[in-house]
Amino acid sequence: ILNVEQSPQSLHVQEGDSTNFTCSFPSSNFYALHWYRWETAKSPEALFVMTLNGDEKKKGQISATLNTKEGYSYLYIKGSQPEDSATYLCAPEDGTYKYIFGTGTRLKVLA
Amino acid sequence: SAVISQKPSRDICQRGTSLTIQCQVDSQVTMMFWYRQQPGQSLTLIATANQGSEATYESGFVIDKFPISRPNLTFSTLTVSNMSPEDSSIYLCSVEDIASRNEQFFGPGTRLTVL
């Protein structure tokens with residue numbers, strides 16, 4: 001799996017705004033898609049693992065969808081809070097334990 | 001979930017020297033990996049650390065530059081050898097156990113600056 005693209009690269013939103021990011025990946029050899037949240041000086045934190053086309057996952061105010069046929073996933077944050085500020089990474093996997101990461105979307109939520 | 005620690009958390013090194021980064025896990029795990037993130041780049045897999053045998057390196061990474069040890073199922077080291085400023089990166093270890101497939105946990109990273 002090559003060419004994982006995330007957009008936008010960075011984003012500033014006001015507290016309370018809802019936002020979404022995109023992860024695009026080649027649809028061949030797909031096994032799973034991972035979303036991580038990475039705050040500075042901390043460990044990347046796993047948010048979701050998605051495997052099936054049409055999957056939707058939710059964790060609090062964060063949710064994600066997956067389209068394996070067209071090769072994209074969306075991450076949504078409803079009512080962003082300053083503590084949501086982080087870099088959000090996606091990583092498709094081809095089943096060999098190797099994750100191919102995108103460059104991430106840096107989110108800054110302004111109070 | 002596994003708890004992973006790394007040492008050092010950050011370092012500033014001179015060109016031509018080497019640095020060894022340690023990764024310690026609080027439980028035995030099957031798979032251990034080393035990644036790096038250069039400034040502005042994506043997190044990139046360097047190698048899979050294999051217990052009791054040589055690491056498996058990804059394209060573009062070689063053992064002479066990034067020797068890796070994994071003496072047991074809870075510990076691994078990555079050495080960045082003969083450093084140059086291009087080696088300035090965040091280095092992270094991650095683990096995944098076959099028993100909990102699809103869950104890869106990361107350490108907090110080592111931020112390396114090479115002058």
# chains A, B, ... in the order shown; residues from 1 in each chain; ligands from 1
>>> closest_atom_pairs(of="chain B", to="chain A", cutoff="9 Å", atoms="only C-alpha atoms", output="JSON lines")
{"residue": "B:Ile4", "atom": "CA", "partner": "A:Ser43", "partner_atom": "CA", "distance": 8.8}
{"residue": "B:Ser9", "atom": "CA", "partner": "A:Ala41", "partner_atom": "CA", "distance": 8.6}
{"residue": "B:Met31", "atom": "CA", "partner": "A:Tyr97", "partner_atom": "CA", "distance": 8.5}
{"residue": "B:Phe33", "atom": "CA", "partner": "A:Lys98", "partner_atom": "CA", "distance": 8.9}
{"residue": "B:Gly40", "atom": "CA", "partner": "A:Thr103", "partner_atom": "CA", "distance": 7.4}
{"residue": "B:Gln41", "atom": "CA", "partner": "A:Thr103", "partner_atom": "CA", "distance": 5.8}
{"residue": "B:Ser42", "atom": "CA", "partner": "A:Thr103", "partner_atom": "CA", "distance": 4.1}
{"residue": "B:Leu43", "atom": "CA", "partner": "A:Phe101", "partner_atom": "CA", "distance": 5.7}
{"residue": "B:Thr44", "atom": "CA", "partner": "A:Phe101", "partner_atom": "CA", "distance": 6.9}
{"residue": "B:Leu45", "atom": "CA", "partner": "A:Lys98", "partner_atom": "CA", "distance": 7.5}
{"residue": "B:Thr48", "atom": "CA", "partner": "A:Lys98", "partner_atom": "CA", "distance": 8.9}
{"residue": "B:Leu92", "atom": "CA", "partner": "A:Ser43", "partner_atom": "CA", "distance": 8.6}
{"residue": "B:Glu96", "atom": "CA", "partner": "A:Tyr97", "partner_atom": "CA", "distance": 8.1}
{"residue": "B:Arg101", "atom": "CA", "partner": "A:Tyr97", "partner_atom": "CA", "distance": 8.9}
{"residue": "B:Asn102", "atom": "CA", "partner": "A:Val49", "partner_atom": "CA", "distance": 6.9}
{"residue": "B:Glu103", "atom": "CA", "partner": "A:Ala46", "partner_atom": "CA", "distance": 7.7}
{"residue": "B:Gln104", "atom": "CA", "partner": "A:Ala46", "partner_atom": "CA", "distance": 7.7}
{"residue": "B:Phe105", "atom": "CA", "partner": "A:Ala46", "partner_atom": "CA", "distance": 7.3}
{"residue": "B:Phe106", "atom": "CA", "partner": "A:Ser43", "partner_atom": "CA", "distance": 5.7}
{"residue": "B:Gly107", "atom": "CA", "partner": "A:Ser43", "partner_atom": "CA", "distance": 5.3}
{"residue": "B:Pro108", "atom": "CA", "partner": "A:Ser43", "partner_atom": "CA", "distance": 3.9}
{"residue": "B:Gly109", "atom": "CA", "partner": "A:Ser43", "partner_atom": "CA", "distance": 6.8}
{"residue": "B:Thr110", "atom": "CA", "partner": "A:Ala41", "partner_atom": "CA", "distance": 9.0}
{"residue": "B:Arg111", "atom": "CA", "partner": "A:Ala41", "partner_atom": "CA", "distance": 8.8}
>>> select_by_dssp(residues="region 14-104 of chain B", states="strand (DSSP E or B)", output="JSON list (two decimals) with N, CA and C atoms, in the first residue's frame")
[["chain", "number", "residue", "atom", "x", "y", "z"],
["B", 19, "LEU", "N", 23.50, 6.89, 18.78],
["B", 19, "LEU", "CA", 22.57, 6.94, 19.92],
["B", 19, "LEU", "C", 21.76, 5.65, 19.95],
["B", 20, "THR", "N", 21.65, 5.08, 21.13],
["B", 20, "THR", "CA", 20.82, 3.89, 21.29],
["B", 20, "THR", "C", 19.55, 4.25, 22.05],
["B", 21, "ILE", "N", 18.42, 3.88, 21.47],
["B", 21, "ILE", "CA", 17.10, 4.15, 22.05],
["B", 21, "ILE", "C", 16.53, 2.84, 22.58],
["B", 22, "GLN", "N", 16.00, 2.89, 23.79],
["B", 22, "GLN", "CA", 15.46, 1.70, 24.41],
["B", 22, "GLN", "C", 13.93, 1.74, 24.40],
["B", 23, "CYS", "N", 13.34, 0.57, 24.25],
["B", 23, "CYS", "CA", 11.88, 0.43, 24.28],
["B", 23, "CYS", "C", 11.55, -0.71, 25.23],
["B", 24, "GLN", "N", 10.77, -0.41, 26.25],
["B", 24, "GLN", "CA", 10.40, -1.40, 27.26],
["B", 24, "GLN", "C", 8.88, -1.52, 27.31],
["B", 25, "VAL", "N", 8.37, -2.77, 27.28],
["B", 25, "VAL", "CA", 6.94, -3.02, 27.33],
["B", 25, "VAL", "C", 6.61, -3.71, 28.64],
["B", 31, "MET", "N", 5.00, -8.91, 18.44],
["B", 31, "MET", "CA", 5.63, -8.07, 17.42],
["B", 31, "MET", "C", 6.09, -6.75, 18.03],
["B", 32, "MET", "N", 7.28, -6.34, 17.65],
["B", 32, "MET", "CA", 7.77, -5.00, 18.01],
["B", 32, "MET", "C", 8.30, -4.35, 16.74],
["B", 33, "PHE", "N", 8.03, -3.05, 16.63],
["B", 33, "PHE", "CA", 8.39, -2.31, 15.43],
["B", 33, "PHE", "C", 9.09, -1.01, 15.82],
["B", 34, "TRP", "N", 9.89, -0.51, 14.89],
["B", 34, "TRP", "CA", 10.49, 0.81, 15.03],
["B", 34, "TRP", "C", 10.08, 1.68, 13.85],
["B", 35, "TYR", "N", 9.64, 2.90, 14.19],
["B", 35, "TYR", "CA", 9.22, 3.88, 13.20],
["B", 35, "TYR", "C", 10.05, 5.15, 13.40],
["B", 36, "ARG", "N", 10.06, 5.98, 12.37],
["B", 36, "ARG", "CA", 10.58, 7.33, 12.54],
["B", 36, "ARG", "C", 9.67, 8.30, 11.81],
["B", 37, "GLN", "N", 9.67, 9.54, 12.32],
["B", 37, "GLN", "CA", 8.96, 10.61, 11.64],
["B", 37, "GLN", "C", 9.92, 11.77, 11.47],
["B", 44, "THR", "N", 7.12, 6.50, 9.39],
["B", 44, "THR", "CA", 7.61, 5.49, 8.44],
["B", 44, "THR", "C", 8.22, 4.31, 9.18],
["B", 45, "LEU", "N", 7.85, 3.12, 8.78],
["B", 45, "LEU", "CA", 8.37, 1.91, 9.41],
["B", 45, "LEU", "C", 9.83, 1.70, 9.03],
["B", 46, "ILE", "N", 10.69, 1.54, 10.04],
["B", 46, "ILE", "CA", 12.10, 1.25, 9.80],
["B", 46, "ILE", "C", 12.30, -0.26, 9.70],
["B", 47, "ALA", "N", 11.81, -0.97, 10.72],
["B", 47, "ALA", "CA", 12.06, -2.41, 10.76],
["B", 47, "ALA", "C", 11.16, -3.08, 11.79],
["B", 48, "THR", "N", 11.04, -4.38, 11.63],
["B", 48, "THR", "CA", 10.39, -5.23, 12.61],
["B", 48, "THR", "C", 11.49, -5.88, 13.44],
["B", 49, "ALA", "N", 11.38, -5.73, 14.77],
["B", 49, "ALA", "CA", 12.39, -6.32, 15.66],
["B", 49, "ALA", "C", 11.99, -7.74, 15.99],
["B", 56, "THR", "N", 13.98, -7.34, 10.58],
["B", 56, "THR", "CA", 13.56, -7.29, 9.18],
["B", 56, "THR", "C", 13.39, -5.83, 8.80],
["B", 57, "TYR", "N", 14.24, -5.36, 7.88],
["B", 57, "TYR", "CA", 14.27, -3.95, 7.53],
["B", 57, "TYR", "C", 13.41, -3.65, 6.31],
["B", 68, "ILE", "N", 19.41, -3.13, 15.36],
["B", 68, "ILE", "CA", 18.30, -3.35, 16.29],
["B", 68, "ILE", "C", 18.58, -4.62, 17.07],
["B", 69, "SER", "N", 18.27, -4.57, 18.37],
["B", 69, "SER", "CA", 18.34, -5.79, 19.17],
["B", 69, "SER", "C", 16.97, -6.06, 19.77],
["B", 70, "ARG", "N", 16.69, -7.33, 20.00],
["B", 70, "ARG", "CA", 15.48, -7.72, 20.73],
["B", 70, "ARG", "C", 15.79, -9.01, 21.49],
["B", 71, "PRO", "N", 16.37, -8.85, 22.68],
["B", 71, "PRO", "CA", 16.80, -10.02, 23.45],
["B", 71, "PRO", "C", 15.66, -10.83, 24.05],
["B", 72, "ASN", "N", 14.50, -10.22, 24.24],
["B", 72, "ASN", "CA", 13.36, -10.94, 24.83],
["B", 72, "ASN", "C", 12.05, -10.35, 24.32],
["B", 75, "PHE", "N", 11.51, -6.18, 25.39],
["B", 75, "PHE", "CA", 12.54, -5.14, 25.29],
["B", 75, "PHE", "C", 13.18, -5.14, 23.91],
["B", 76, "SER", "N", 13.48, -3.92, 23.41],
["B", 76, "SER", "CA", 14.18, -3.79, 22.15],
["B", 76, "SER", "C", 14.98, -2.49, 22.17],
["B", 77, "THR", "N", 16.06, -2.45, 21.40],
["B", 77, "THR", "CA", 16.81, -1.22, 21.22],
["B", 77, "THR", "C", 16.99, -0.94, 19.74],
["B", 78, "LEU", "N", 17.05, 0.34, 19.43],
["B", 78, "LEU", "CA", 17.37, 0.83, 18.09],
["B", 78, "LEU", "C", 18.56, 1.76, 18.23],
["B", 79, "THR", "N", 19.60, 1.53, 17.45],
["B", 79, "THR", "CA", 20.74, 2.43, 17.43],
["B", 79, "THR", "C", 20.74, 3.21, 16.13],
["B", 80, "VAL", "N", 20.91, 4.50, 16.23],
["B", 80, "VAL", "CA", 21.08, 5.35, 15.05],
["B", 80, "VAL", "C", 22.57, 5.64, 14.97],
["B", 89, "SER", "N", 14.78, 13.33, 13.92],
["B", 89, "SER", "CA", 13.44, 12.76, 13.75],
["B", 89, "SER", "C", 12.87, 12.45, 15.12],
["B", 90, "ILE", "N", 11.62, 12.03, 15.11],
["B", 90, "ILE", "CA", 11.04, 11.36, 16.27],
["B", 90, "ILE", "C", 11.07, 9.88, 15.96],
["B", 91, "TYR", "N", 11.63, 9.10, 16.88],
["B", 91, "TYR", "CA", 11.69, 7.64, 16.72],
["B", 91, "TYR", "C", 10.72, 7.01, 17.71],
["B", 92, "LEU", "N", 9.87, 6.13, 17.20],
["B", 92, "LEU", "CA", 8.87, 5.48, 18.06],
["B", 92, "LEU", "C", 8.96, 3.97, 17.93],
["B", 93, "CYS", "N", 8.76, 3.31, 19.03],
["B", 93, "CYS", "CA", 8.56, 1.87, 18.96],
["B", 93, "CYS", "C", 7.07, 1.57, 19.12],
["B", 94, "SER", "N", 6.65, 0.48, 18.55],
["B", 94, "SER", "CA", 5.26, 0.05, 18.69],
["B", 94, "SER", "C", 5.23, -1.45, 18.88],
["B", 95, "VAL", "N", 4.12, -1.93, 19.43],
["B", 95, "VAL", "CA", 3.99, -3.37, 19.68],
["B", 95, "VAL", "C", 2.60, -3.83, 19.27],
["B", 96, "GLU", "N", 2.55, -5.07, 18.87],
["B", 96, "GLU", "CA", 1.27, -5.70, 18.59],
["B", 96, "GLU", "C", 1.39, -7.17, 18.97]]
>>> residues_around(residues="Gln61 (chain A)", least_positions_apart="4", cutoff="12 Å", atoms="only C-alpha atoms", output="list in words")
Gly16, Asp17, Ser18, Thr19, Asn20, Leu47, Lys57, Leu75, Tyr76, Ile77, Lys78, Gly79, Ser80, Gln81 and Asp84 of chain A
>>> atom_distance(atom1="CA of Leu115 (chain B)", atom2="CA of Pro8 (chain B)")
17.2 Å
>>> atom_distance(atom1="CA of Pro39 (chain B)", atom2="CA of Pro85 (chain B)")
11.4 Å
